[in-house]
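Below is one structure, written out as C-alpha cells; comments come after it.
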Amino acid sequence: MLLFQLTPSLGSSNSLYSLIVSALFWVPWIILIFWGQRIQVTISLGQVSRSLARLKLLSDRSKQVLLNYISNKGFKTDITRFNDFLEYFTIPPVSMDPVGVVKRFDHILTTQDKRIKNEVAQLFSTSDKIERSIIENMVGIAAAMNQIFKIIRHYYILGKKGNNIYLLAQLQMIMPMLLKQADALVNAMSTLELGQPLGDGIGPASVALLMREKEKRRIGDETVFAETEYKGRRAILVKAEGPEGNVGEIDDALEKIVKEIYPDVSAIIMIDAALKLEGEKTGDVSEGVGAAIGGYGIEKFKIEQLAYEKNIPVYAIIVKESIIEAIGAMRKEIAESVNQVQQTLFRIIEERVPENGRVVVIGVGNTLGVGQ
Amino acid sequence: MLGAELGSEQRQIVFTIEHCDFCNINNKRSFQKGDYVVKASGRCPKCGRDMYISAIYAESLRQQA
Ligand SMILES: [Zn+2]
C-alpha cells in the first residue's frame, strides 16, 4: 500500500518508470487474486508428492530389508506370493449390535494371527523360533509400510484430481509426523534383525530380571510364568516367552492363573511402556490403576472383565516413551528405569497385598531380546 | 548412502551390560548378536562368578561424542 501511494510522486517526471513500478505492484496482486489458490495447490502438490516419494522409498526399503534378510539366511521365497501377502487384510467385526463384539473381534484376530504365522512358515521355511518371530515382526512392518503408502497415495491422487486444497493441506500437515514414524519403523527393522530389545520391551525386561533363576513354566501360547517371594507375599511373574519377538497371550494366561491355578490372587500389577506427552521425559516411571496394555483393546477388555468378576484390583506401572522410542531399539533412559520400576513394584506389593497374599505381576510388551 | 540418509537422526550404538549380583559390578561392552537380557555372559573380574546380561540399550552417537 505504501508503494502504491509513493509511486505517483516518484514517477511524475517519468511516466514509463511509474508505469513499470505500478505494474510491478499490480500484476502479482492480480495473479494472486485470481490464481492464488491454484498456486497454493501446486505448491502443496509438490511438497506432498516429494513426501510421498520418500514414503514409497521407505516402503520399498522395508521390503528389500526383509528380502535381504531372508536371502542371507539362505531361504528361497516366491516374490509374487510375498507381494500378495503384503495386501492381506482383516475386516473388523460390525459394531452396530455391540453385544459380544469383543469375542467376535478376538476370534477374527486369532484367525489373522494364525494365518500370518502359517503364511510366514510357508513362505520362509525355518524351524528356528527366534528367526521365525523376527521374520513375522518384519513382515508386519513391511505390510504396515505398504498400507501407509497406499492410503497416503490415495488421498494425494484424490486431492490432485479435484484440486482439493483442503485435502492437500491436511496431507501436508500430517506428512512430517508420518514420515518420522515411517522412518522409525523402517529403522526398527535393523533392531529386529539383530534381536535387540525394543523400547516396548521394558515391561518384559523388568519382570525377566525378577524371574531369573526361578523355575519357569509355560502357560498357553508363547507365555511363561514363575513364582517368587517378597516380604512374605507370593508374586506370580508373567511375561511373553523370549528372547523371541513375542507379545504372548497375557489375557488368557492371566485368566488361567486366576481361575484355575491360584484362585486366591488379591491384586494384579501390570508393567508396560506408555506413550508420553511431548515435554515429558523419556524413561519417567508413573503409577496408577487400570489395565496397562495396548493393542486393539481385546486383551484390555478381557483383563478388566476378569478383574471385575473376581473383584481383584488392577494396578499399573508405566514407563513413558514416544511412539518412535517404543518401536526402536531400547534407549538408555528406558533401560535404566528398570530400578525405579522394581522399587515402585515392591512398594505397591508391600502396601496393597496382605502378608501371605498372592499377587500377579505382568510385564506387558514385545519381549524381543529379553529372555526369562 | 541411503542408509546414512534414512538413519541420520537415529544413528546409534547398542551396548550390552553384564552384571554381577554379588559384587554389584557392571561391565559395558558392545552388543553381539545372540545377546539377550538375563542370558549368562562373561566372568566377574572381581569374584570370578558368572555374570548375566542385565540390560541392552542404544545410545545415540551424538550423546557419545
Ligand atoms: Zn562378582
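Ordering of the C-alpha cells sets the chain letters (A, B, ...), residue numbers begin anew at 1 in every chain, and ligands are numbered from 1 in the order given.
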Checklist entry - Residues of chain A within 9 Å of chain B, using only C-alpha atoms, as a ChimeraX atom specification? => result /A:58,183-184,186-187,194-199,205,208-209,211-212,242-243,329-336,368-372
Next on the checklist: Neighbours of ligand 1 at 6 Å or closer, counting only C-alpha atoms and all ligand atoms: which residues, as a VMD selection string?
Outcome noted: chain B and resid 20 22 to 23 44 46 to 47 49
Item to check | All helix (DSSP H, G or I) positions in stretch 85-244 of chain A, as a PyMOL selection string | outcome: chain A and resi 85-86+101-123+129-161+165-194+199-211
Checklist entry - Skipping near chain neighbours, those fewer than 2 positions away, what residues fall within 10 Å of A:Leu185 using only C-alpha atoms, listed as a list of chain:residue names? => result A:Leu58, A:Ser59, A:Ser62, A:Met138, A:Ile141, A:Ala142, A:Ala144, A:Met145, A:Leu179, A:Lys180, A:Gln181, A:Ala182, A:Asp183, A:Asn187, A:Ala188, A:Met189, A:Ser190, A:Ile323, A:Ile324, A:Ala326, A:Ile327, A:Gly328
Checklist entry - Quick one: residues within 12 Å of A:Val41, only C-alpha atoms counted, chain neighbours fewer than 3 positions away excluded, as a list in words? => result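 Surrounding residues, per the criterion: Trp35, Gly36, Gln37, Arg38, Ser44, Leu45, Gly46, Gln47, Val48, Ser49, Tyr156, Gly159, Lys160, Lys161, Gly162, Asn163, Asn164, Ile165, Tyr166, Leu167, Leu168, Ala169, Gln170, Leu171 and Gln172 of chain A.
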